[in-house]
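> Structure supplied as query-v4.cif; contents: mmCIF, C-alpha atoms.
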data_work
loop_
_atom_site.group_PDB
_atom_site.id
_atom_site.type_symbol
_atom_site.label_atom_id
_atom_site.label_comp_id
_atom_site.auth_asym_id
_atom_site.auth_seq_id
_atom_site.Cartn_x
_atom_site.Cartn_y
_atom_site.Cartn_z
ATOM 1 C CA MET S 30 -13.079 -60.614 50.014
ATOM 2 C CA ASP S 31 -9.715 -60.008 51.680
ATOM 3 C CA THR S 32 -10.184 -58.703 55.251
ATOM 4 C CA ASN S 33 -8.089 -55.557 54.803
ATOM 5 C CA ARG S 34 -9.842 -54.766 51.547
ATOM 6 C CA LYS S 35 -13.239 -55.280 53.127
ATOM 7 C CA LYS S 36 -12.393 -52.852 55.960
ATOM 8 C CA HIS S 37 -11.082 -50.341 53.442
ATOM 9 C CA VAL S 38 -14.288 -50.484 51.394
ATOM 10 C CA GLN S 39 -16.340 -49.617 54.465
ATOM 11 C CA THR S 40 -14.223 -46.490 54.916
ATOM 12 C CA VAL S 41 -14.447 -45.668 51.207
ATOM 13 C CA LEU S 42 -18.236 -45.793 51.212
ATOM 14 C CA LYS S 43 -18.333 -42.922 53.706
ATOM 15 C CA HIS S 44 -17.012 -40.698 50.937
ATOM 16 C CA LEU S 45 -18.474 -39.447 47.640
ATOM 17 C CA TYR S 46 -16.731 -37.957 44.625
ATOM 18 C CA ILE S 47 -18.779 -35.586 42.461
ATOM 19 C CA ASN S 48 -17.737 -33.983 39.189
ATOM 20 C CA PRO S 49 -20.473 -31.398 38.425
ATOM 21 C CA LEU S 50 -18.913 -30.153 35.166
ATOM 22 C CA GLU S 51 -16.016 -30.582 32.757
ATOM 23 C CA ARG S 52 -15.831 -26.900 31.746
ATOM 24 C CA CYS S 53 -12.847 -24.908 33.007
ATOM 25 C CA ASN S 54 -11.548 -21.332 32.937
ATOM 26 C CA LEU S 55 -8.047 -22.483 31.897
ATOM 27 C CA ARG S 56 -6.702 -24.218 28.801
ATOM 28 C CA CYS S 57 -3.842 -26.273 30.191
ATOM 29 C CA ALA S 58 -1.327 -27.655 27.716
ATOM 30 C CA ILE S 59 -1.515 -31.210 29.067
ATOM 31 C CA CYS S 60 -5.194 -31.425 30.034
ATOM 32 C CA TYR S 61 -6.530 -34.837 29.010
ATOM 33 C CA THR S 62 -10.294 -34.384 29.544
ATOM 34 C CA LYS S 63 -12.880 -33.410 26.950
ATOM 35 C CA LYS S 64 -14.743 -30.211 27.861
ATOM 36 C CA THR S 65 -18.270 -31.555 27.455
ATOM 37 C CA ASP S 66 -21.393 -29.481 28.108
ATOM 38 C CA PRO S 67 -23.418 -31.264 30.843
ATOM 39 C CA ILE S 68 -23.568 -29.531 34.219
ATOM 40 C CA LEU S 69 -25.238 -31.105 37.242
ATOM 41 C CA PRO S 70 -27.721 -28.686 38.856
ATOM 42 C CA LYS S 71 -27.373 -27.950 42.556
ATOM 43 C CA GLU S 72 -30.727 -29.590 43.316
ATOM 44 C CA THR S 73 -29.709 -32.778 41.507
ATOM 45 C CA ILE S 74 -26.476 -33.019 43.483
ATOM 46 C CA LEU S 75 -28.243 -32.482 46.804
ATOM 47 C CA ALA S 76 -30.901 -35.056 45.932
ATOM 48 C CA PHE S 77 -28.235 -37.666 45.166
ATOM 49 C CA ILE S 78 -26.323 -36.896 48.365
ATOM 50 C CA HIS S 79 -29.458 -37.087 50.493
ATOM 51 C CA LYS S 80 -30.468 -40.359 48.818
ATOM 52 C CA TYR S 81 -27.020 -41.709 49.637
ATOM 53 C CA LYS S 82 -27.217 -40.579 53.279
ATOM 54 C CA LYS S 83 -30.433 -42.554 53.766
ATOM 55 C CA VAL S 84 -28.539 -45.743 52.976
ATOM 56 C CA HIS S 85 -25.029 -45.180 54.315
ATOM 57 C CA THR S 86 -23.074 -42.881 56.619
ATOM 58 C CA LEU S 87 -21.581 -40.033 54.607
ATOM 59 C CA ALA S 88 -18.625 -38.213 56.159
ATOM 60 C CA SER S 89 -17.199 -36.290 53.213
ATOM 61 C CA VAL S 90 -17.691 -35.244 49.604
ATOM 62 C CA THR S 91 -14.973 -34.293 47.123
ATOM 63 C CA PHE S 92 -15.837 -31.931 44.262
ATOM 64 C CA CYS S 93 -13.743 -31.711 41.135
ATOM 65 C CA GLY S 94 -14.140 -30.405 37.581
ATOM 66 C CA GLY S 95 -13.498 -28.789 35.238
ATOM 67 C CA GLU S 96 -13.270 -25.882 37.598
ATOM 68 C CA VAL S 97 -15.997 -25.912 40.245
ATOM 69 C CA PHE S 98 -15.437 -22.277 41.227
ATOM 70 C CA THR S 99 -16.972 -21.267 37.880
ATOM 71 C CA LEU S 100 -20.353 -22.584 39.078
ATOM 72 C CA PRO S 101 -22.505 -19.717 40.433
ATOM 73 C CA TYR S 102 -24.269 -22.030 42.891
ATOM 74 C CA PHE S 103 -21.148 -23.740 44.231
ATOM 75 C CA PRO S 104 -20.470 -21.895 47.540
ATOM 76 C CA GLY S 105 -24.140 -22.185 48.482
ATOM 77 C CA LEU S 106 -24.056 -25.924 47.808
ATOM 78 C CA VAL S 107 -20.950 -26.369 49.948
ATOM 79 C CA ASN S 108 -22.406 -24.285 52.786
ATOM 80 C CA THR S 109 -25.515 -26.474 52.776
ATOM 81 C CA LEU S 110 -23.392 -29.610 53.082
ATOM 82 C CA THR S 111 -21.074 -28.325 55.804
ATOM 83 C CA ALA S 112 -24.149 -27.201 57.774
ATOM 84 C CA GLU S 113 -25.296 -30.835 57.592
ATOM 85 C CA GLY S 114 -21.995 -31.975 59.109
ATOM 86 C CA ILE S 115 -20.400 -33.158 55.862
ATOM 87 C CA PHE S 116 -16.713 -32.404 55.331
ATOM 88 C CA VAL S 117 -16.093 -31.012 51.831
ATOM 89 C CA GLN S 118 -12.964 -31.288 49.715
ATOM 90 C CA ILE S 119 -12.524 -29.101 46.628
ATOM 91 C CA ILE S 120 -10.021 -29.753 43.855
ATOM 92 C CA THR S 121 -9.309 -26.440 42.124
ATOM 93 C CA ASN S 122 -6.733 -24.694 39.959
ATOM 94 C CA GLY S 123 -6.727 -21.853 42.506
ATOM 95 C CA THR S 124 -7.190 -18.996 40.031
ATOM 96 C CA ILE S 125 -10.725 -17.987 41.091
ATOM 97 C CA ASP S 126 -10.937 -16.649 44.638
ATOM 98 C CA ARG S 127 -14.367 -17.160 46.220
ATOM 99 C CA LEU S 128 -13.069 -18.168 49.635
ATOM 100 C CA HIS S 129 -15.014 -15.405 51.367
ATOM 101 C CA GLU S 130 -18.297 -17.047 50.292
ATOM 102 C CA PHE S 131 -17.792 -20.152 52.444
ATOM 103 C CA SER S 132 -19.183 -20.178 55.963
ATOM 104 C CA GLN S 133 -17.167 -22.997 57.601
ATOM 105 C CA PRO S 134 -13.514 -23.022 56.443
ATOM 106 C CA ASN S 135 -12.529 -25.571 59.077
ATOM 107 C CA ALA S 136 -14.977 -28.056 57.528
ATOM 108 C CA MET S 137 -13.279 -27.815 54.139
ATOM 109 C CA ASN S 138 -10.082 -28.989 52.472
ATOM 110 C CA ILE S 139 -8.862 -27.008 49.467
ATOM 111 C CA ILE S 140 -6.798 -29.210 47.132
ATOM 112 C CA VAL S 141 -4.874 -26.942 44.784
ATOM 113 C CA SER S 142 -3.377 -28.021 41.462
ATOM 114 C CA LEU S 143 0.202 -26.748 41.341
ATOM 115 C CA ASP S 144 2.561 -28.401 38.888
ATOM 116 C CA GLY S 145 5.954 -27.273 40.104
ATOM 117 C CA LEU S 146 7.959 -24.081 40.106
ATOM 118 C CA GLU S 147 6.769 -20.913 38.366
ATOM 119 C CA THR S 148 8.227 -21.247 34.865
ATOM 120 C CA TYR S 149 7.124 -24.859 34.510
ATOM 121 C CA HIS S 150 3.666 -24.376 36.054
ATOM 122 C CA ASP S 151 2.893 -21.345 33.898
ATOM 123 C CA ALA S 152 4.052 -23.141 30.746
ATOM 124 C CA ASN S 153 1.227 -25.615 31.375
ATOM 125 C CA ARG S 154 -1.454 -23.492 33.052
ATOM 126 C CA GLY S 155 -0.836 -20.032 31.563
ATOM 127 C CA LYS S 156 1.376 -17.044 32.344
ATOM 128 C CA GLY S 157 0.726 -15.477 35.739
ATOM 129 C CA ASN S 158 -1.239 -18.412 37.123
ATOM 130 C CA PHE S 159 1.541 -19.639 39.423
ATOM 131 C CA ALA S 160 1.350 -16.346 41.331
ATOM 132 C CA LYS S 161 -2.454 -16.467 41.437
ATOM 133 C CA THR S 162 -2.516 -20.044 42.662
ATOM 134 C CA THR S 163 0.201 -19.761 45.308
ATOM 135 C CA ASN S 164 -1.376 -16.587 46.706
ATOM 136 C CA PHE S 165 -4.763 -18.332 46.756
ATOM 137 C CA LEU S 166 -3.186 -21.236 48.614
ATOM 138 C CA LYS S 167 -1.578 -18.968 51.206
ATOM 139 C CA LYS S 168 -4.826 -17.053 51.674
ATOM 140 C CA SER S 169 -6.811 -20.259 52.187
ATOM 141 C CA LEU S 170 -4.465 -21.395 54.960
ATOM 142 C CA GLN S 171 -4.557 -17.986 56.625
ATOM 143 C CA ALA S 172 -8.370 -18.047 56.504
ATOM 144 C CA GLY S 173 -8.550 -21.365 58.360
ATOM 145 C CA PHE S 174 -9.144 -23.784 55.496
ATOM 146 C CA HIS S 175 -7.333 -27.090 55.377
ATOM 147 C CA ALA S 176 -5.211 -27.255 52.231
ATOM 148 C CA GLU S 177 -2.948 -29.534 50.232
ATOM 149 C CA ILE S 178 -1.497 -29.779 46.731
ATOM 150 C CA PHE S 179 -1.938 -32.068 43.741
ATOM 151 C CA SER S 180 1.015 -31.838 41.350
ATOM 152 C CA ILE S 181 1.481 -33.411 37.903
ATOM 153 C CA VAL S 182 4.908 -34.915 37.237
ATOM 154 C CA THR S 183 6.616 -35.224 33.853
ATOM 155 C CA LYS S 184 10.164 -35.871 32.705
ATOM 156 C CA GLN S 185 10.836 -32.110 32.856
ATOM 157 C CA ASN S 186 10.010 -31.525 36.542
ATOM 158 C CA ILE S 187 10.701 -34.834 38.290
ATOM 159 C CA ALA S 188 14.212 -33.672 39.264
ATOM 160 C CA ASP S 189 12.843 -30.493 40.863
ATOM 161 C CA LEU S 190 10.440 -31.975 43.429
ATOM 162 C CA ASP S 191 12.624 -31.294 46.481
ATOM 163 C CA GLU S 192 13.218 -27.706 45.357
ATOM 164 C CA PHE S 193 9.474 -27.339 44.760
ATOM 165 C CA GLU S 194 8.608 -28.553 48.262
ATOM 166 C CA ASN S 195 11.265 -26.351 49.856
ATOM 167 C CA TYR S 196 9.893 -23.328 48.011
ATOM 168 C CA LEU S 197 6.378 -24.071 49.259
ATOM 169 C CA THR S 198 7.525 -24.413 52.874
ATOM 170 C CA THR S 199 9.306 -21.062 52.682
ATOM 171 C CA PHE S 200 6.496 -19.254 50.863
ATOM 172 C CA LEU S 201 3.688 -20.619 53.039
ATOM 173 C CA GLY S 202 5.606 -20.569 56.309
ATOM 174 C CA GLN S 203 4.688 -24.200 56.945
ATOM 175 C CA LYS S 204 4.958 -27.638 55.404
ATOM 176 C CA ILE S 205 2.098 -28.719 53.174
ATOM 177 C CA SER S 206 1.137 -32.161 51.886
ATOM 178 C CA VAL S 207 1.851 -32.732 48.186
ATOM 179 C CA THR S 208 0.400 -35.658 46.235
ATOM 180 C CA TYR S 209 2.152 -36.293 42.936
ATOM 181 C CA HIS S 210 0.247 -37.391 39.851
ATOM 182 C CA PRO S 211 2.432 -38.874 37.114
ATOM 183 C CA ARG S 212 1.241 -37.499 33.786
ATOM 184 C CA LYS S 213 -1.401 -39.900 32.473
ATOM 185 C CA PRO S 214 0.540 -42.506 30.482
ATOM 186 C CA LEU S 215 -0.376 -43.388 26.913
ATOM 187 C CA ALA S 216 -1.745 -46.697 28.222
ATOM 188 C CA TYR S 217 -4.375 -44.600 30.039
ATOM 189 C CA LEU S 218 -5.093 -42.173 27.217
ATOM 190 C CA MET S 219 -5.459 -44.909 24.597
ATOM 191 C CA HIS S 220 -8.035 -46.839 26.624
ATOM 192 C CA HIS S 221 -10.150 -44.217 28.409
ATOM 193 C CA PRO S 222 -13.385 -43.535 26.444
ATOM 194 C CA THR S 223 -13.578 -39.802 27.248
ATOM 195 C CA SER S 224 -10.422 -38.656 29.051
ATOM 196 C CA ASN S 225 -8.150 -39.372 26.119
ATOM 197 C CA ILE S 226 -6.635 -36.112 24.872
ATOM 198 C CA VAL S 227 -2.854 -36.387 24.584
ATOM 199 C CA GLY S 228 -2.235 -32.635 24.599
ATOM 200 C CA THR S 229 1.213 -31.085 24.332
ATOM 201 C CA VAL S 230 4.123 -33.490 24.715
ATOM 202 C CA LYS S 231 7.164 -31.311 23.995
ATOM 203 C CA GLY S 232 8.295 -29.851 27.299
ATOM 204 C CA PHE S 233 5.937 -32.161 29.236
ATOM 205 C CA ASP S 234 7.232 -35.599 28.275
ATOM 206 C CA PHE S 235 5.768 -38.766 29.760
ATOM 207 C CA LEU S 236 7.803 -40.396 32.506
ATOM 208 C CA ALA S 237 10.017 -43.301 31.522
ATOM 209 C CA PRO S 238 9.184 -46.616 33.262
ATOM 210 C CA ARG S 239 12.176 -46.218 35.591
ATOM 211 C CA GLU S 240 11.077 -42.697 36.562
ATOM 212 C CA MET S 241 7.507 -43.841 37.140
ATOM 213 C CA VAL S 242 8.612 -46.602 39.507
ATOM 214 C CA GLN S 243 10.982 -44.199 41.281
ATOM 215 C CA LEU S 244 8.150 -41.705 41.835
ATOM 216 C CA LEU S 245 5.834 -44.381 43.226
ATOM 217 C CA LYS S 246 8.519 -45.617 45.607
ATOM 218 C CA GLU S 247 9.725 -42.246 46.895
ATOM 219 C CA ARG S 248 6.695 -39.937 46.961
ATOM 220 C CA LYS S 249 3.055 -39.790 47.937
ATOM 221 C CA THR S 250 1.278 -40.457 44.653
ATOM 222 C CA PHE S 251 -2.081 -40.846 42.988
ATOM 223 C CA PRO S 252 -2.874 -43.579 42.292
ATOM 224 C CA PRO S 253 -1.169 -44.764 45.500
ATOM 225 C CA LYS S 254 1.090 -47.774 45.059
ATOM 226 C CA LYS S 255 -1.242 -49.860 47.249
ATOM 227 C CA LEU S 256 -4.232 -48.673 45.181
ATOM 228 C CA GLY S 257 -7.566 -48.536 47.048
ATOM 229 C CA CYS S 258 -8.486 -45.187 45.469
ATOM 230 C CA TYR S 259 -11.916 -46.404 44.389
ATOM 231 C CA GLN S 260 -15.097 -44.620 45.462
ATOM 232 C CA ILE S 261 -18.634 -43.899 44.321
ATOM 233 C CA ALA S 262 -17.993 -41.215 41.707
ATOM 234 C CA LEU S 263 -20.824 -39.209 40.109
ATOM 235 C CA MET S 264 -19.978 -37.496 36.830
ATOM 236 C CA SER S 265 -21.542 -34.506 35.080
ATOM 237 C CA ASP S 266 -23.422 -36.719 32.599
ATOM 238 C CA GLY S 267 -25.205 -38.543 35.432
ATOM 239 C CA ARG S 268 -23.167 -41.714 35.158
ATOM 240 C CA VAL S 269 -21.645 -43.251 38.272
ATOM 241 C CA TYR S 270 -18.252 -44.941 38.267
ATOM 242 C CA GLY S 271 -16.266 -47.000 40.742
ATOM 243 C CA CYS S 272 -13.510 -44.388 40.828
ATOM 244 C CA CYS S 273 -12.843 -40.854 39.632
ATOM 245 C CA GLU S 274 -10.902 -42.153 36.599
ATOM 246 C CA GLY S 275 -13.222 -45.067 35.787
ATOM 247 C CA VAL S 276 -13.544 -46.528 32.296
ATOM 248 C CA THR S 277 -16.872 -48.351 32.597
ATOM 249 C CA SER S 278 -19.749 -47.020 34.691
ATOM 250 C CA ILE S 279 -21.325 -49.004 37.517
ATOM 251 C CA GLY S 280 -24.689 -47.274 37.095
ATOM 252 C CA THR S 281 -26.393 -43.903 36.904
ATOM 253 C CA ILE S 282 -27.590 -41.207 39.259
ATOM 254 C CA ASP S 283 -31.087 -42.732 39.134
ATOM 255 C CA ASP S 284 -30.020 -46.163 40.402
ATOM 256 C CA ASP S 285 -30.571 -47.294 43.966
ATOM 257 C CA VAL S 286 -27.518 -46.709 46.123
ATOM 258 C CA GLU S 287 -27.546 -50.382 47.135
ATOM 259 C CA THR S 288 -27.279 -51.347 43.459
ATOM 260 C CA LEU S 289 -24.267 -49.082 43.022
ATOM 261 C CA PHE S 290 -22.640 -50.725 46.050
ATOM 262 C CA GLN S 291 -23.281 -54.193 44.601
ATOM 263 C CA HIS S 292 -21.631 -53.233 41.330
ATOM 264 C CA LEU S 293 -18.646 -51.747 43.175
ATOM 265 C CA TYR S 294 -18.194 -54.958 45.164
ATOM 266 C CA SER S 295 -18.517 -56.975 41.964
ATOM 267 C CA ARG S 296 -15.612 -55.075 40.416
ATOM 268 C CA LEU S 297 -13.469 -55.658 43.506
ATOM 269 C CA ASN S 298 -14.307 -59.359 43.508
ATOM 270 C CA LEU S 299 -13.131 -59.468 39.901
ATOM 271 C CA TRP S 300 -9.862 -57.872 41.023
ATOM 272 C CA GLU S 301 -9.363 -60.644 43.574
ATOM 273 C CA LYS S 302 -10.053 -63.336 40.975
ATOM 274 C CA THR S 303 -7.599 -61.864 38.478
ATOM 275 C CA ASN S 304 -4.982 -60.897 41.076
ATOM 276 C CA PRO S 305 -5.226 -63.771 43.599
ATOM 277 C CA GLN S 306 -1.781 -63.263 45.145
ATOM 278 C CA ASP S 307 -1.997 -59.501 45.371
ATOM 279 C CA ARG S 308 -2.307 -57.988 48.850
ATOM 280 C CA CYS S 309 -2.877 -54.368 47.864
ATOM 281 C CA LEU S 310 -6.239 -52.646 48.384
ATOM 282 C CA GLY S 311 -7.439 -53.388 44.873
ATOM 283 C CA CYS S 312 -8.932 -51.503 41.933
ATOM 284 C CA THR S 313 -12.416 -51.368 40.399
ATOM 285 C CA SER S 314 -10.900 -51.347 36.889
ATOM 286 C CA PRO S 315 -8.643 -54.423 37.127
ATOM 287 C CA ASP S 316 -7.730 -54.424 33.435
ATOM 288 C CA PHE S 317 -7.069 -50.676 33.393
ATOM 289 C CA VAL S 318 -5.592 -49.483 36.729
ATOM 290 C CA CYS S 319 -5.188 -45.981 35.268
ATOM 291 C CA GLY S 320 -2.741 -47.427 32.732
ATOM 292 C CA MET S 321 -0.233 -48.021 35.536
ATOM 293 C CA LYS S 322 -0.586 -51.680 36.461
ATOM 294 C CA GLU S 323 2.926 -52.652 35.346
ATOM 295 C CA TYR S 324 4.514 -49.807 37.324
ATOM 296 C CA ILE S 325 2.536 -50.389 40.510
ATOM 297 C CA SER S 326 3.480 -54.073 40.526
ATOM 298 C CA GLU S 327 7.172 -53.077 40.395
ATOM 299 C CA SER S 328 6.952 -50.464 43.156
#
Please render this file's structure as structure tokens.


Amino acid sequence: MDTNRKKHVQTVLKHLYINPLERCNLRCAICYTKKTDPILPKETILAFIHKYKKVHTLASVTFCGGEVFTLPYFPGLVNTLTAEGIFVQIITNGTIDRLHEFSQPNAMNIIVSLDGLETYHDANRGKGNFAKTTNFLKKSLQAGFHAEIFSIVTKQNIADLDEFENYLTTFLGQKISVTYHPRKPLAYLMHHPTSNIVGTVKGFDFLAPREMVQLLKERKTFPPKKLGCYQIALMSDGRVYGCCEGVTSIGTIDDDVETLFQHLYSRLNLWEKTNPQDRCLGCTSPDFVCGMKEYISES
């Protein structure tokens, strides 16, 4: 395996991604995930994390949904992990405020979904939610949490990104990191087995190829243009994937951690075989690449 990629994998394995549920309190116009029923119990999540820690150093865990703040047990789970010295990241829509229930704000990063300025954001997420989310974001920073923003980009808001960032700096009184997610292209939605809902297109049009390449070149994006966003990712149905957007699982929650590692490495070795000249950090879904392979190669 390429030396840089090998070093990157060792960093990646210090991190877990866990999706305890797909259920959410919002009904976003462009949501692409099916709202399935399984929910991972707190005890099951802790057991998997502790099994992982016996095999490999674990520095951080990212939780995403669905909306994790709808889980009654969630703050208690996070407090258990931060007490064990694990840094916790939470991806949230920022409309449910349970910040006061966390015991170590400085050991947490709140990643808030905010899709642009008020009119545009509320058209996707629901009227009044821009105000809720921006106030939640400001409160989290004032309370000592680390915080950043994930923002979905479509044809309608790509021209407003500078204005969006300037607004945030003024409102928050400080600069904040924004990672831009191009709306999942049809190449993603047509090939993902579960995350395949097209949703509303009018008013939230997919980026043109030129716009996609421009975004990757000029902004911090997910996936990053050098890729490397793979990780051990546990989903609510107990399957484990090689990234948070994976198409084919690498195992289940019951598998040995070493086996999951072997399958992750196998996927990366396949990337090297099919992309022998490529010097990026690779992908565990070499035929999929979140439906963005052609754009990443151009950026």

> Taking every listed atom of range 166-180 of chain S and adding 3 Å to each side, what centre and edge lengths in Å (one decimal) does the axis-aligned box have, as JSON?


{"center_x": -4.1, "center_y": -24.6, "center_z": 49.9, "size_x": 16.2, "size_y": 21.0, "size_z": 23.0}

> List the spatial neighbours of range 100-116 of chain S as a PyMOL selection string - criterion: any atom at most 12 Å away, all atoms listed in the file, same-chain residues fewer than 4 positions off excluded.

chain S and resi 43-45+48-54+68-76+78-79+82+86-96+125-139+174-175

> Just give me the gap between CA of Arg268 in chain S and CA of Ser180 in chain S in Å, one decimal is fine.

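So the answer is 26.8 Å.
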
> In Å, with one decimal, what is the gap from CA of His292 in chain S to CA of Gly280 in chain S?

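These atoms are spaced 7.9 Å apart.
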
> Evaluate the PyMOL selection byres ((chain S and resi 257) around 10) and record the selected residues as a list of chain:residue names, following the chain and residue labels used in the document.

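Selection result, ordered by chain and number: S:Arg34, S:His37, S:Val38, S:Val41, S:Pro252, S:Pro253, S:Lys254, S:Lys255, S:Leu256, S:Cys258, S:Tyr259, S:Gln260, S:Cys272, S:Leu297, S:Cys309, S:Leu310, S:Gly311, S:Cys312, S:Thr313.
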
> From the list S:Gln185, S:Thr162, S:Gln118, S:Ser265, which residue is nearest Lys231 in chain S when using only C-alpha atoms?

S:Gln185

> Residues at most 12 Å from Leu201 in chain S, counting only C-alpha atoms, excluding those fewer than 5 positions away in the same chain, as a PyMOL selection string?

chain S and resi 163-171+176-177+194-196+206

> Would you mind exporting the chosen residues as an mmCIF file, in the coordinates of the input, restricted to C-alpha atoms?


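Below is the file that was written, selection_23.cif:
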data_model
loop_
_atom_site.group_PDB
_atom_site.id
_atom_site.type_symbol
_atom_site.label_atom_id
_atom_site.label_comp_id
_atom_site.auth_asym_id
_atom_site.auth_seq_id
_atom_site.Cartn_x
_atom_site.Cartn_y
_atom_site.Cartn_z
ATOM 1 C CA THR S 163 0.201 -19.761 45.308
ATOM 2 C CA ASN S 164 -1.376 -16.587 46.706
ATOM 3 C CA PHE S 165 -4.763 -18.332 46.756
ATOM 4 C CA LEU S 166 -3.186 -21.236 48.614
ATOM 5 C CA LYS S 167 -1.578 -18.968 51.206
ATOM 6 C CA LYS S 168 -4.826 -17.053 51.674
ATOM 7 C CA SER S 169 -6.811 -20.259 52.187
ATOM 8 C CA LEU S 170 -4.465 -21.395 54.960
ATOM 9 C CA GLN S 171 -4.557 -17.986 56.625
ATOM 10 C CA ALA S 176 -5.211 -27.255 52.231
ATOM 11 C CA GLU S 177 -2.948 -29.534 50.232
ATOM 12 C CA GLU S 194 8.608 -28.553 48.262
ATOM 13 C CA ASN S 195 11.265 -26.351 49.856
ATOM 14 C CA TYR S 196 9.893 -23.328 48.011
ATOM 15 C CA SER S 206 1.137 -32.161 51.886
#

> Give me the residues near Ile187 in chain S as a list in words, where near means some atom within 9 Å (using all atoms listed in the file) and where sequence neighbours in that chain fewer than 2 positions away do not count.

Val182, Thr183, Lys184, Gln185, Asp189, Leu190, Leu236, Glu240 and Leu244 of chain S

> In Å to one decimal, how far is CA of Phe251 in chain S from CA of Ile178 in chain S?

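About the pair CA of Ile178 in chain S and CA of Phe251 in chain S: they are 11.7 Å apart.
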
> Given the file above and the PyMOL selection byres ((chain S and resi 159) around 8), which residues are selected, and can you give them as a CSV table (one decimal) with C-alpha atoms, in the frame of the given file?


chain,number,residue,atom,x,y,z
S,143,LEU,CA,0.2,-26.7,41.3
S,146,LEU,CA,8.0,-24.1,40.1
S,147,GLU,CA,6.8,-20.9,38.4
S,150,HIS,CA,3.7,-24.4,36.1
S,151,ASP,CA,2.9,-21.3,33.9
S,156,LYS,CA,1.4,-17.0,32.3
S,157,GLY,CA,0.7,-15.5,35.7
S,158,ASN,CA,-1.2,-18.4,37.1
S,160,ALA,CA,1.4,-16.3,41.3
S,161,LYS,CA,-2.5,-16.5,41.4
S,162,THR,CA,-2.5,-20.0,42.7
S,163,THR,CA,0.2,-19.8,45.3

> Around (4.1, -43.3, 36.1) in the file's frame, which residues reach within 9 Å when counting all atoms listed in the file? Return as an mmCIF file with C-alpha atoms, keeping the file's coordinate frame?


data_model
loop_
_atom_site.group_PDB
_atom_site.id
_atom_site.type_symbol
_atom_site.label_atom_id
_atom_site.label_comp_id
_atom_site.auth_asym_id
_atom_site.auth_seq_id
_atom_site.Cartn_x
_atom_site.Cartn_y
_atom_site.Cartn_z
ATOM 1 C CA VAL S 182 4.908 -34.915 37.237
ATOM 2 C CA THR S 183 6.616 -35.224 33.853
ATOM 3 C CA HIS S 210 0.247 -37.391 39.851
ATOM 4 C CA PRO S 211 2.432 -38.874 37.114
ATOM 5 C CA ARG S 212 1.241 -37.499 33.786
ATOM 6 C CA LYS S 213 -1.401 -39.900 32.473
ATOM 7 C CA PRO S 214 0.540 -42.506 30.482
ATOM 8 C CA PHE S 235 5.768 -38.766 29.760
ATOM 9 C CA LEU S 236 7.803 -40.396 32.506
ATOM 10 C CA ALA S 237 10.017 -43.301 31.522
ATOM 11 C CA PRO S 238 9.184 -46.616 33.262
ATOM 12 C CA ARG S 239 12.176 -46.218 35.591
ATOM 13 C CA GLU S 240 11.077 -42.697 36.562
ATOM 14 C CA MET S 241 7.507 -43.841 37.140
ATOM 15 C CA VAL S 242 8.612 -46.602 39.507
ATOM 16 C CA GLN S 243 10.982 -44.199 41.281
ATOM 17 C CA LEU S 244 8.150 -41.705 41.835
ATOM 18 C CA LEU S 245 5.834 -44.381 43.226
ATOM 19 C CA GLY S 320 -2.741 -47.427 32.732
ATOM 20 C CA MET S 321 -0.233 -48.021 35.536
ATOM 21 C CA TYR S 324 4.514 -49.807 37.324
ATOM 22 C CA ILE S 325 2.536 -50.389 40.510
#

> Rank S:Pro67, S:Thr32, S:Leu293, S:Glu274 by their smallest atom-to-atom distance to Ser224 in chain S, using all atoms listed in the file, and report the top residue only.

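Closest residue, counting all atoms listed in the file: S:Glu274.
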
> Write out as a list in words the residues lying within 7 Å of Thr62 in chain S, counting all atoms listed in the file and excluding same-chain residues fewer than 3 positions away.

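The filter keeps Thr223, Ser224, Asn225 and Ile226 of chain S.
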
> Using the chain letters and numbers from this file, what does the PyMOL selection byres ((chain S and resi 60) around 8) select? Give the answer as an mmCIF file with C-alpha atoms, in the frame of the given file.


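So the final result, stored in out.cif, reads:
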data_model
loop_
_atom_site.group_PDB
_atom_site.id
_atom_site.type_symbol
_atom_site.label_atom_id
_atom_site.label_comp_id
_atom_site.auth_asym_id
_atom_site.auth_seq_id
_atom_site.Cartn_x
_atom_site.Cartn_y
_atom_site.Cartn_z
ATOM 1 C CA ARG S 56 -6.702 -24.218 28.801
ATOM 2 C CA CYS S 57 -3.842 -26.273 30.191
ATOM 3 C CA ALA S 58 -1.327 -27.655 27.716
ATOM 4 C CA ILE S 59 -1.515 -31.210 29.067
ATOM 5 C CA TYR S 61 -6.530 -34.837 29.010
ATOM 6 C CA THR S 62 -10.294 -34.384 29.544
ATOM 7 C CA ILE S 226 -6.635 -36.112 24.872
ATOM 8 C CA VAL S 227 -2.854 -36.387 24.584
ATOM 9 C CA GLY S 228 -2.235 -32.635 24.599
#
